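Below is work31.txt, which holds compact mmCIF, C-alpha atoms.
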```
# COMPACT_ATOMS: atom_id res chain seq x y z
CA MET A 40 61.78 -36.91 41.11
CA ARG A 41 65.54 -36.37 40.93
CA LYS A 42 67.84 -38.96 42.38
CA PRO A 43 69.98 -37.70 45.28
CA LEU A 44 73.66 -37.62 44.40
CA SER A 45 75.52 -40.57 45.81
CA LEU A 46 78.19 -39.82 48.38
CA LYS A 47 81.55 -40.80 46.96
CA GLY A 48 83.77 -40.48 50.00
CA LYS A 49 84.29 -38.69 53.27
CA TYR A 50 85.20 -35.18 52.14
CA CYS A 51 84.62 -31.68 53.54
CA GLY A 52 82.99 -30.85 50.20
CA ASN A 53 80.20 -33.29 50.99
CA CYS A 54 79.60 -32.07 54.52
CA HIS A 55 76.58 -30.13 55.73
CA TYR A 56 78.75 -27.26 57.03
CA HIS A 57 80.40 -26.37 53.73
CA ASN A 58 79.97 -23.39 51.43
CA SER A 59 81.94 -22.70 48.29
CA TYR A 60 85.05 -20.52 48.85
CA ASN A 61 87.26 -21.06 45.78
CA TYR A 62 85.25 -23.43 43.64
CA PRO A 63 85.96 -26.33 43.50
CA ASP A 64 89.24 -26.40 45.42
CA GLN A 65 88.40 -24.73 48.74
CA ILE A 66 85.38 -24.65 50.99
CA PHE A 67 84.34 -22.35 53.82
CA CYS A 68 83.54 -24.35 56.95
CA MET A 69 80.85 -22.74 59.06
CA TYR A 70 81.53 -25.04 62.00
CA HIS A 71 85.11 -23.89 62.39
CA TYR A 72 84.35 -20.26 61.58
CA VAL A 73 82.00 -19.77 64.52
CA ARG A 74 84.66 -21.32 66.78
CA HIS A 75 87.36 -18.85 65.64
CA GLU A 76 89.30 -21.70 64.03
CA ASN A 77 90.82 -21.98 60.59
CA HIS A 78 87.74 -22.11 58.36
CA ILE A 79 89.11 -22.44 54.81
CA TYR A 80 89.69 -26.07 53.92
CA PRO A 81 90.52 -28.02 50.77
CA THR A 82 87.33 -29.56 49.42
CA LEU A 83 88.89 -33.02 49.60
CA SER A 84 89.97 -32.86 53.26
CA VAL A 85 87.96 -34.17 56.18
CA CYS A 86 87.74 -33.42 59.92
CA GLU A 87 86.32 -34.93 63.09
CA HIS A 88 83.12 -32.88 62.79
CA TRP A 89 82.31 -34.12 59.29
CA GLU A 90 78.62 -34.88 58.74
CA PRO A 91 77.53 -36.92 55.74
CA ASP A 92 74.61 -34.65 54.87
CA THR A 93 75.13 -34.35 51.12
CA GLN A 94 74.48 -30.97 49.50
CA GLU A 95 74.04 -32.47 46.03
CA CYS A 96 76.81 -30.32 44.62
CA TYR A 97 79.70 -30.94 42.23
CA CYS A 98 82.46 -29.70 44.56
CA VAL A 99 84.04 -33.08 45.36
CA GLU A 100 83.63 -34.46 41.85
CA GLU A 101 85.23 -31.40 40.24
CA ALA A 102 87.98 -31.08 42.85
CA GLN A 103 88.89 -34.75 42.24
CA LYS A 104 88.95 -34.16 38.48
CA LYS A 105 91.30 -31.20 38.95
CA GLN A 106 93.52 -33.21 41.27
CA GLU A 107 93.73 -36.07 38.78
CA ALA A 108 94.49 -33.67 35.91
CA LYS A 109 97.44 -32.27 37.87
CA ARG A 110 99.01 -35.74 38.31
CA MET B 86 33.62 21.04 31.19
CA ARG B 87 33.14 21.74 27.50
CA ARG B 88 33.88 19.39 24.58
CA GLU B 89 36.80 21.52 23.33
CA ASP B 90 38.46 21.35 26.77
CA PHE B 91 39.20 17.67 26.06
CA LEU B 92 40.88 18.55 22.77
CA TYR B 93 43.39 21.18 23.88
CA GLU B 94 46.57 19.61 22.50
CA HIS B 95 47.10 17.06 19.75
CA VAL B 96 49.78 14.37 19.69
CA ASN B 97 53.02 15.48 18.04
CA HIS B 98 54.81 12.52 16.52
CA MET B 99 58.35 11.74 17.60
CA LYS B 100 61.21 12.57 15.25
CA LEU B 101 64.42 10.64 15.79
CA LYS B 102 67.88 11.74 14.66
CA PRO B 103 71.16 9.80 14.63
CA THR B 104 73.02 12.18 16.95
CA MET B 105 70.27 12.82 19.48
CA THR B 106 71.14 13.32 23.13
CA ILE B 107 69.12 11.74 25.93
CA ASN B 108 67.44 15.05 26.69
CA GLN B 109 66.47 15.46 23.03
CA LEU B 110 64.96 11.97 23.00
CA ILE B 111 62.99 12.75 26.17
CA GLN B 112 61.74 15.98 24.51
CA GLU B 113 60.39 13.80 21.69
CA PHE B 114 58.72 11.55 24.29
CA SER B 115 57.16 14.70 25.68
CA LYS B 116 55.82 15.72 22.26
CA SER B 117 53.94 12.43 22.15
CA GLY B 118 52.94 12.74 25.79
CA CYS B 119 51.24 9.36 25.66
CA PHE B 120 51.59 6.06 27.50
CA GLY B 121 55.03 5.23 28.93
CA ALA B 122 56.83 7.86 26.83
CA GLY B 123 54.69 10.66 28.25
CA ARG B 124 55.15 9.42 31.79
CA VAL B 125 58.93 9.10 31.46
CA ALA B 126 59.08 12.65 30.07
CA THR B 127 56.98 13.90 33.00
CA ALA B 128 59.24 12.02 35.44
CA CYS B 129 62.31 13.77 33.94
CA ASP B 130 60.65 17.18 34.36
CA ILE B 131 59.70 16.41 37.98
CA PHE B 132 63.17 15.09 38.88
CA GLU B 133 64.79 18.19 37.37
CA LYS B 134 62.46 20.41 39.43
CA MET B 135 63.23 18.44 42.61
CA VAL B 136 66.98 18.71 42.06
CA ARG B 137 66.80 22.44 41.30
CA ASP B 138 64.51 23.14 44.29
CA GLU B 139 66.91 24.30 47.00
CA GLN B 140 64.32 23.83 49.74
CA CYS B 141 63.45 20.25 48.82
CA THR B 142 64.77 17.15 50.56
CA VAL B 143 64.93 14.39 47.98
CA PHE B 144 64.36 10.80 49.13
CA LEU B 145 65.38 7.87 46.93
CA THR B 146 63.88 4.49 47.79
CA VAL B 147 65.41 1.35 46.34
CA ALA B 148 63.77 -2.09 46.22
CA GLY B 149 64.15 -4.95 43.75
CA ALA B 150 67.49 -6.28 42.56
CA VAL B 151 68.56 -3.15 40.68
CA VAL B 152 72.00 -2.85 42.29
CA PRO B 153 73.28 -6.28 41.19
CA ALA B 154 71.73 -5.72 37.76
CA GLY B 155 73.63 -2.52 36.95
CA LEU B 156 72.36 0.56 38.83
CA ARG B 157 75.16 0.45 41.42
CA SER B 158 77.26 3.25 39.92
CA VAL B 159 74.22 5.33 38.93
CA ILE B 160 72.99 5.34 42.53
CA ALA B 161 76.51 6.03 43.89
CA ASP B 162 76.80 8.95 41.45
CA VAL B 163 73.45 10.54 42.36
CA ILE B 164 74.56 10.36 46.00
CA ARG B 165 77.94 11.96 45.25
CA LYS B 166 76.28 14.62 43.07
CA ARG B 167 73.86 15.31 45.96
CA PHE B 168 70.88 14.77 43.65
CA VAL B 169 69.39 12.86 46.58
CA ASP B 170 69.57 13.77 50.27
CA VAL B 171 68.38 10.53 51.84
CA VAL B 172 68.29 6.92 50.60
CA VAL B 173 66.01 4.21 51.97
CA SER B 174 66.87 0.77 50.64
CA THR B 175 66.28 -2.91 51.09
CA GLY B 176 69.16 -4.59 52.89
CA ALA B 177 69.72 -6.84 49.87
CA ASN B 178 70.64 -4.00 47.53
CA LEU B 179 73.40 -2.85 49.87
CA VAL B 180 74.53 -6.45 50.29
CA HIS B 181 75.05 -6.64 46.53
CA ASP B 182 76.90 -3.34 46.67
CA LEU B 183 79.22 -4.82 49.31
CA ILE B 184 79.72 -8.06 47.35
CA GLU B 185 81.37 -5.95 44.64
CA ALA B 186 83.13 -3.69 47.17
CA PHE B 187 84.83 -6.82 48.56
CA GLY B 188 85.96 -7.99 45.11
CA GLY B 189 83.01 -10.14 43.99
CA HIS B 190 81.00 -9.82 40.80
CA HIS B 191 77.56 -10.35 39.31
CA TYR B 192 77.47 -12.24 36.03
CA LYS B 193 75.23 -11.95 32.98
CA GLY B 194 73.18 -15.14 32.76
CA HIS B 195 69.86 -16.37 31.45
CA TRP B 196 66.48 -17.21 32.91
CA LEU B 197 66.23 -20.42 30.88
CA VAL B 198 68.87 -22.43 32.66
CA ASP B 199 68.69 -25.62 34.70
CA ASP B 200 68.40 -24.19 38.20
CA PHE B 201 69.29 -27.50 39.82
CA LEU B 202 72.52 -27.43 37.81
CA LEU B 203 73.21 -23.93 39.17
CA TYR B 204 72.54 -25.28 42.65
CA LYS B 205 75.10 -28.04 42.13
CA TYR B 206 77.70 -25.45 41.03
CA HIS B 207 76.93 -23.16 44.02
CA LEU B 208 75.58 -20.39 41.77
CA TYR B 209 72.55 -18.26 42.65
CA ARG B 210 70.21 -16.82 40.03
CA ILE B 211 68.42 -13.47 40.11
CA TYR B 212 66.26 -13.68 36.99
CA ASP B 213 68.95 -13.44 34.26
CA LEU B 214 72.03 -12.77 36.35
CA PHE B 215 74.16 -15.12 38.41
CA VAL B 216 76.04 -14.64 41.69
CA PRO B 217 78.64 -17.21 42.77
CA GLU B 218 78.18 -18.43 46.34
CA GLU B 219 81.86 -17.77 47.06
CA ASP B 220 81.37 -14.04 46.48
CA TYR B 221 78.63 -14.06 49.14
CA VAL B 222 80.82 -16.13 51.47
CA LYS B 223 83.82 -13.81 51.13
CA MET B 224 81.58 -10.83 51.79
CA ASP B 225 80.03 -12.56 54.83
CA GLU B 226 83.47 -13.26 56.22
CA GLN B 227 84.70 -9.67 55.87
CA LEU B 228 81.43 -8.08 56.92
CA ALA B 229 81.30 -10.24 60.08
CA SER B 230 84.73 -8.82 61.04
CA ILE B 231 83.36 -5.30 60.47
CA TYR B 232 80.38 -6.17 62.71
CA ASP B 233 82.88 -7.29 65.40
CA GLU B 234 84.76 -3.98 65.12
CA ILE B 235 81.64 -1.78 65.20
CA ALA B 236 80.23 -3.71 68.17
CA LYS B 237 83.47 -3.33 70.13
CA GLU B 238 83.62 0.41 69.41
CA ASN B 239 80.01 0.96 70.49
CA LYS B 240 80.34 -1.13 73.68
CA GLY B 241 76.80 -2.46 73.72
CA GLN B 242 75.16 0.82 72.68
CA GLY B 243 72.56 0.52 69.92
CA ILE B 244 73.05 2.45 66.68
CA ALA B 245 70.56 3.29 63.92
CA SER B 246 70.75 1.65 60.51
CA HIS B 247 72.06 4.78 58.75
CA GLU B 248 74.90 5.09 61.28
CA PHE B 249 75.65 1.41 60.75
CA VAL B 250 75.89 1.98 56.97
CA TRP B 251 78.25 4.94 57.52
CA GLU B 252 80.41 2.74 59.78
CA ILE B 253 80.69 0.15 57.00
CA GLY B 254 81.32 2.87 54.39
CA LYS B 255 84.16 4.22 56.53
CA ARG B 256 85.88 0.82 56.37
CA ILE B 257 85.69 0.12 52.63
CA LYS B 258 87.70 1.72 49.82
CA ASP B 259 85.82 1.00 46.56
CA PRO B 260 84.98 4.45 45.05
CA GLN B 261 82.15 2.88 42.99
CA SER B 262 80.40 1.68 46.12
CA ILE B 263 77.04 3.15 47.17
CA THR B 264 77.96 2.54 50.82
CA ARG B 265 81.28 4.37 50.42
CA ALA B 266 79.64 7.23 48.49
CA ALA B 267 77.05 7.68 51.25
CA TYR B 268 79.79 7.87 53.88
CA GLU B 269 81.84 10.39 51.89
CA ALA B 270 78.83 12.52 50.95
CA ASN B 271 77.30 12.31 54.44
CA VAL B 272 74.05 11.00 52.93
CA PRO B 273 72.09 8.74 55.28
CA ILE B 274 71.01 5.33 53.95
CA PHE B 275 68.25 3.83 56.05
CA LEU B 276 67.69 0.07 55.94
CA PRO B 277 64.29 -0.51 57.56
CA ALA B 278 64.24 -4.21 56.65
CA ILE B 279 67.93 -4.86 57.30
CA ARG B 280 67.31 -8.19 59.04
CA ASP B 281 65.58 -9.55 55.94
CA SER B 282 68.80 -9.83 53.92
CA GLU B 283 72.33 -11.23 54.12
CA PHE B 284 72.95 -8.61 56.84
CA GLY B 285 70.80 -10.86 59.07
CA PHE B 286 72.82 -13.97 58.26
CA VAL B 287 76.08 -12.10 58.87
CA TYR B 288 74.68 -11.12 62.28
CA LEU B 289 74.19 -14.83 62.98
CA LEU B 290 77.87 -15.47 62.18
CA HIS B 291 78.95 -12.50 64.30
CA SER B 292 76.68 -13.47 67.22
CA GLN B 293 77.95 -17.06 67.25
CA ARG B 294 81.55 -15.81 67.44
CA ALA B 295 81.27 -12.70 69.62
CA LYS B 296 81.08 -12.51 73.40
CA GLN B 297 77.68 -11.58 74.83
CA ASN B 298 78.88 -8.10 75.87
CA GLU B 299 80.42 -7.51 72.41
CA LEU B 300 77.32 -8.06 70.31
CA LEU B 301 76.32 -5.56 67.66
CA LYS B 302 73.09 -3.77 68.57
CA LEU B 303 70.94 -1.96 66.03
CA ASN B 304 68.16 0.33 67.19
CA ALA B 305 65.34 -0.12 64.67
CA PHE B 306 63.15 2.63 66.13
CA GLU B 307 65.88 5.30 66.13
CA GLU B 308 65.59 5.66 62.36
CA VAL B 309 61.91 6.59 62.72
CA ARG B 310 62.92 9.54 64.89
CA LYS B 311 65.74 10.53 62.52
CA LEU B 312 63.58 10.27 59.38
CA THR B 313 60.77 12.33 60.84
CA GLU B 314 63.32 14.88 62.08
CA ILE B 315 64.71 15.26 58.55
CA MET B 316 61.20 15.67 57.15
CA SER B 317 60.22 18.18 59.82
CA ASP B 318 63.33 20.25 59.02
CA SER B 319 62.52 20.30 55.29
CA ASP B 320 60.42 22.95 53.60
CA ARG B 321 59.52 20.61 50.77
CA ILE B 322 59.80 16.86 50.26
CA GLY B 323 60.25 14.80 47.12
CA MET B 324 60.61 11.08 46.57
CA VAL B 325 61.81 8.86 43.77
CA VAL B 326 60.68 5.28 44.22
CA ILE B 327 62.41 2.37 42.52
CA GLY B 328 60.16 -0.66 42.96
CA GLY B 329 58.28 0.00 46.19
CA GLY B 330 58.08 -2.33 49.21
CA VAL B 331 59.25 -1.44 52.70
CA PRO B 332 61.53 1.45 51.54
CA ARG B 333 58.65 3.24 49.79
CA ASN B 334 56.36 2.73 52.76
CA THR B 335 59.03 3.99 55.18
CA VAL B 336 59.28 7.35 53.39
CA GLN B 337 55.56 7.72 52.77
CA HIS B 338 54.72 6.87 56.37
CA ALA B 339 57.18 9.45 57.67
CA ALA B 340 55.60 12.05 55.36
CA ALA B 341 52.19 11.24 56.81
CA THR B 342 53.45 11.17 60.41
CA THR B 343 54.98 14.63 60.12
CA ARG B 344 51.80 15.85 58.38
CA LYS B 345 54.01 17.25 55.63
CA GLY B 346 52.85 15.40 52.54
CA MET B 347 55.19 15.18 49.59
CA ASP B 348 55.52 17.96 47.02
CA TYR B 349 57.14 15.81 44.33
CA ALA B 350 56.78 12.09 43.70
CA ILE B 351 58.04 9.73 41.01
CA ILE B 352 57.27 6.04 41.25
CA ILE B 353 58.83 3.49 38.88
CA THR B 354 57.19 0.11 39.28
CA MET B 355 55.73 -2.84 37.42
CA ASP B 356 53.30 -3.69 40.22
CA ARG B 357 49.52 -3.42 39.99
CA PRO B 358 47.17 -1.67 42.44
CA GLU B 359 44.34 -4.25 42.39
CA THR B 360 45.83 -6.53 45.06
CA GLY B 361 45.99 -3.71 47.61
CA GLY B 362 49.77 -4.10 48.00
CA LEU B 363 51.78 -0.93 48.56
CA SER B 364 54.23 -1.32 45.67
CA GLY B 365 51.45 -1.07 43.09
CA SER B 366 49.31 1.48 44.90
CA THR B 367 48.63 4.59 42.87
CA LEU B 368 49.76 8.08 43.79
CA GLU B 369 46.10 9.08 44.07
CA GLU B 370 45.77 6.43 46.80
CA THR B 371 48.71 7.97 48.69
CA VAL B 372 46.97 11.37 48.51
CA SER B 373 44.07 9.90 50.54
CA TRP B 374 46.53 9.17 53.40
CA GLY B 375 48.12 12.62 53.29
CA LYS B 376 51.43 11.09 52.24
CA VAL B 377 51.54 12.97 48.94
CA LYS B 378 49.89 16.37 48.49
CA GLY B 379 46.97 16.56 46.06
CA SER B 380 48.77 19.46 44.42
CA ALA B 381 52.10 17.60 44.16
CA ALA B 382 53.98 17.17 40.90
CA LYS B 383 53.67 13.41 40.61
CA VAL B 384 53.83 10.56 38.15
CA MET B 385 53.83 6.78 38.26
CA VAL B 386 55.86 5.14 35.50
CA ILE B 387 54.87 1.54 34.84
CA ALA B 388 58.18 0.23 33.53
CA ASP B 389 61.40 -1.57 34.34
CA ALA B 390 63.43 0.72 36.62
CA LEU B 391 66.63 -0.55 35.06
CA ILE B 392 65.62 1.24 31.85
CA VAL B 393 63.80 4.27 33.22
CA PHE B 394 65.92 5.40 36.18
CA PRO B 395 69.14 5.84 34.13
CA LEU B 396 67.13 7.77 31.52
CA ILE B 397 65.77 10.14 34.17
CA VAL B 398 69.19 10.68 35.74
CA ALA B 399 70.99 11.09 32.40
CA CYS B 400 68.38 13.58 31.17
CA THR B 401 68.63 15.60 34.39
CA LEU B 402 72.44 15.57 34.31
CA GLU B 403 72.30 16.96 30.77
CA ARG B 404 69.76 19.63 31.67
CA VAL B 405 71.49 20.94 34.79
CA GLY B 406 74.97 20.73 33.21
CA GLU B 407 78.33 19.44 34.33
CA ASN B 408 79.04 22.34 36.69
CA PHE B 409 75.75 22.22 38.58
CA VAL B 410 76.32 21.89 42.31
CA ARG B 411 73.47 21.08 44.61
CA THR B 412 73.88 21.98 48.26
CA HIS B 413 72.73 19.24 50.53
CA VAL B 414 69.48 20.61 51.90
CA ILE B 415 69.91 19.09 55.37
CA GLU B 416 73.39 20.58 55.78
CA LYS B 417 72.20 23.92 54.43
CA ASN B 418 69.38 24.09 56.99
CA ARG B 419 71.89 23.36 59.72
CA GLY B 420 74.00 26.27 58.45
```

Just dump the structure as structure tokens.
Amino acid sequence: MRKPLSLKGKYCGNCHYHNSYNYPDQIFCMYHYVRHENHIYPTLSVCEHWEPDTQECYCVEEAQKKQEAKR
Amino acid sequence: MRREDFLYEHVNHMKLKPTMTINQLIQEFSKSGCFGAGRVATACDIFEKMVRDEQCTVFLTVAGAVVPAGLRSVIADVIRKRFVDVVVSTGANLVHDLIEAFGGHHYKGHWLVDDFLLYKYHLYRIYDLFVPEEDYVKMDEQLASIYDEIAKENKGQGIASHEFVWEIGKRIKDPQSITRAAYEANVPIFLPAIRDSEFGFVYLLHSQRAKQNELLKLNAFEEVRKLTEIMSDSDRIGMVVIGGGVPRNTVQHAAATTRKGMDYAIIITMDRPETGGLSGSTLEETVSWGKVKGSAAKVMVIADALIVFPLIVACTLERVGENFVRTHVIEKNRG
């Protein structure tokens, strides 16, 4: 059995409501979309509706790598 | 039947040349007349007859992921050329058409990849091709806005699936798109299983955003009336089936309902009849239901539609010539 990916921080890219929009930098937030609110967020941002239901994806990891490479 | 009746024509072996055209290759298939080669050659002859028959309404049914895999432009072209009068498709094939219409792509991949790795990268696999999740998401976003617009314009009135497809086609610009081609050529595309595709998920997005009195309404039964009306108005009926499934059944059922029975039928499938499923059912079986006439020109090609359908279309294009113009039979009957 595969190990679930460990959650490495409170990021939109780890949240249950996210889909990939511009991988890995931006995510599409379903929660905000259905409420007619801004729904494109940076993968590494976080909001009050964040849910730590990991999707076992590389979004956060790769977005962090890109951010570090830019510095 | 006498012994010599079984031995009326011997197999002529294929001769291949370096500069052969598609039609010439198909003629060589015909000389063999055996197995898949013989059936593909027969399918080319039947499709040519259908296209040249001015009293025949040609139905194309599309199931299986042929649009993302490369048949998108071929299908758009047969619509624009009026080689087909009506299309019945799975919702998914039009979804993949719209993914590209909105700027997305399908990528060549491989079936021997780590699917959990694809999952972690937000990539979806359809056998040996990949679709990035973001291309779906961007399509969902734009299509949901189109749903909002159509719903507002129709003010709570239900529309049929082919009208819905025309409404989408009206709002997109991509000339390679099947949806756009159908709108421009006035060819109806029926989506009898529309809910069972991304169209259903986009409805969920639209319904969670829209006001109750501004919800998109599709009338599933209206297309039954429209399909049977088209069949009733046609002197002859032909169908080309890619795959099978709900689209094939929709056309066959309408042919039985109108007591017309099809005059031409080509089925391209890899499915088997033994399980009793429709996609693999033989043309002889459809004769028992009155869906296809016993006297019909018909053939079932057991092969990958991605190989066979372009061959049939290319061969027919070559035979009828560049300047061939087919009048849309439905429009012609309306005067």

Notebook entry, point to check: Leaving out Tyr60 (chain A) and any residue of its chain fewer than 6 positions from it, which residues lie within 12 Å of it when counting all atoms listed in the file, given as a PyMOL selection string?
Noted result: (chain A and resi 52+66-69+78-82+98) or (chain B and resi 189+206-208+217-226)

message: Only residues of chain A matter here; which ones have an atom within 7 Å of chain B, counting only C-alpha atoms? Give them as a PyMOL selection string.
response: chain A and resi 59-61+73-75+95-97

Find the residues near region 253-267 of chain B: any atom within 8 Å, counting all atoms listed in the file, skip ones fewer than 5 places away on the same chain, and give them as a tab-separated table (two decimals) with C-alpha atoms, keeping the file's coordinate frame.
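Written file, out-v9.tsv:
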```
chain	number	residue	atom	x	y	z
B	157	ARG	CA	75.16	0.45	41.42
B	158	SER	CA	77.26	3.25	39.92
B	160	ILE	CA	72.99	5.34	42.53
B	161	ALA	CA	76.51	6.03	43.89
B	162	ASP	CA	76.80	8.95	41.45
B	164	ILE	CA	74.56	10.36	46.00
B	165	ARG	CA	77.94	11.96	45.25
B	179	LEU	CA	73.40	-2.85	49.87
B	182	ASP	CA	76.90	-3.34	46.67
B	183	LEU	CA	79.22	-4.82	49.31
B	185	GLU	CA	81.37	-5.95	44.64
B	186	ALA	CA	83.13	-3.69	47.17
B	231	ILE	CA	83.36	-5.30	60.47
B	272	VAL	CA	74.05	11.00	52.93
B	273	PRO	CA	72.09	8.74	55.28
B	274	ILE	CA	71.01	5.33	53.95
```

When you look at Tyr50 (chain A) with a cut-off of 6 Å (counting only C-alpha atoms), what residues show up, excluding the ones that are within fewer than 5 positions of it in the same chain? I need them as a VMD selection string.
chain A and resid 83 to 85

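Atom pair CA of Arg88 (chain B) / CA of Lys383 (chain B): separated by 26.2 Å.
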
Report, as JSON, the centre and edge lengths in Å (one decimal) of the axis-aligned box enclosing every listed atom of region 214-217 of chain B, padded by 4 Å on each side.
```
{"center_x": 75.3, "center_y": -15.0, "center_z": 39.6, "size_x": 14.6, "size_y": 12.4, "size_z": 14.4}
```

Name the residues in contact with Gly375 (chain B) at a cut-off of 8 Å, using all atoms listed in the file, excluding same-chain residues fewer than 6 positions from it; report them as a CSV table (one decimal) with C-alpha atoms, in the frame of the given file.
```
chain,number,residue,atom,x,y,z
B,340,ALA,CA,55.6,12.0,55.4
B,341,ALA,CA,52.2,11.2,56.8
B,344,ARG,CA,51.8,15.8,58.4
B,345,LYS,CA,54.0,17.2,55.6
B,346,GLY,CA,52.8,15.4,52.5
```

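Residue nearest Pro63 (chain A) within the list A:Gln103, A:Thr93, A:Cys86, A:Asn77: A:Gln103 [criterion: smallest interatomic distance, only C-alpha atoms].
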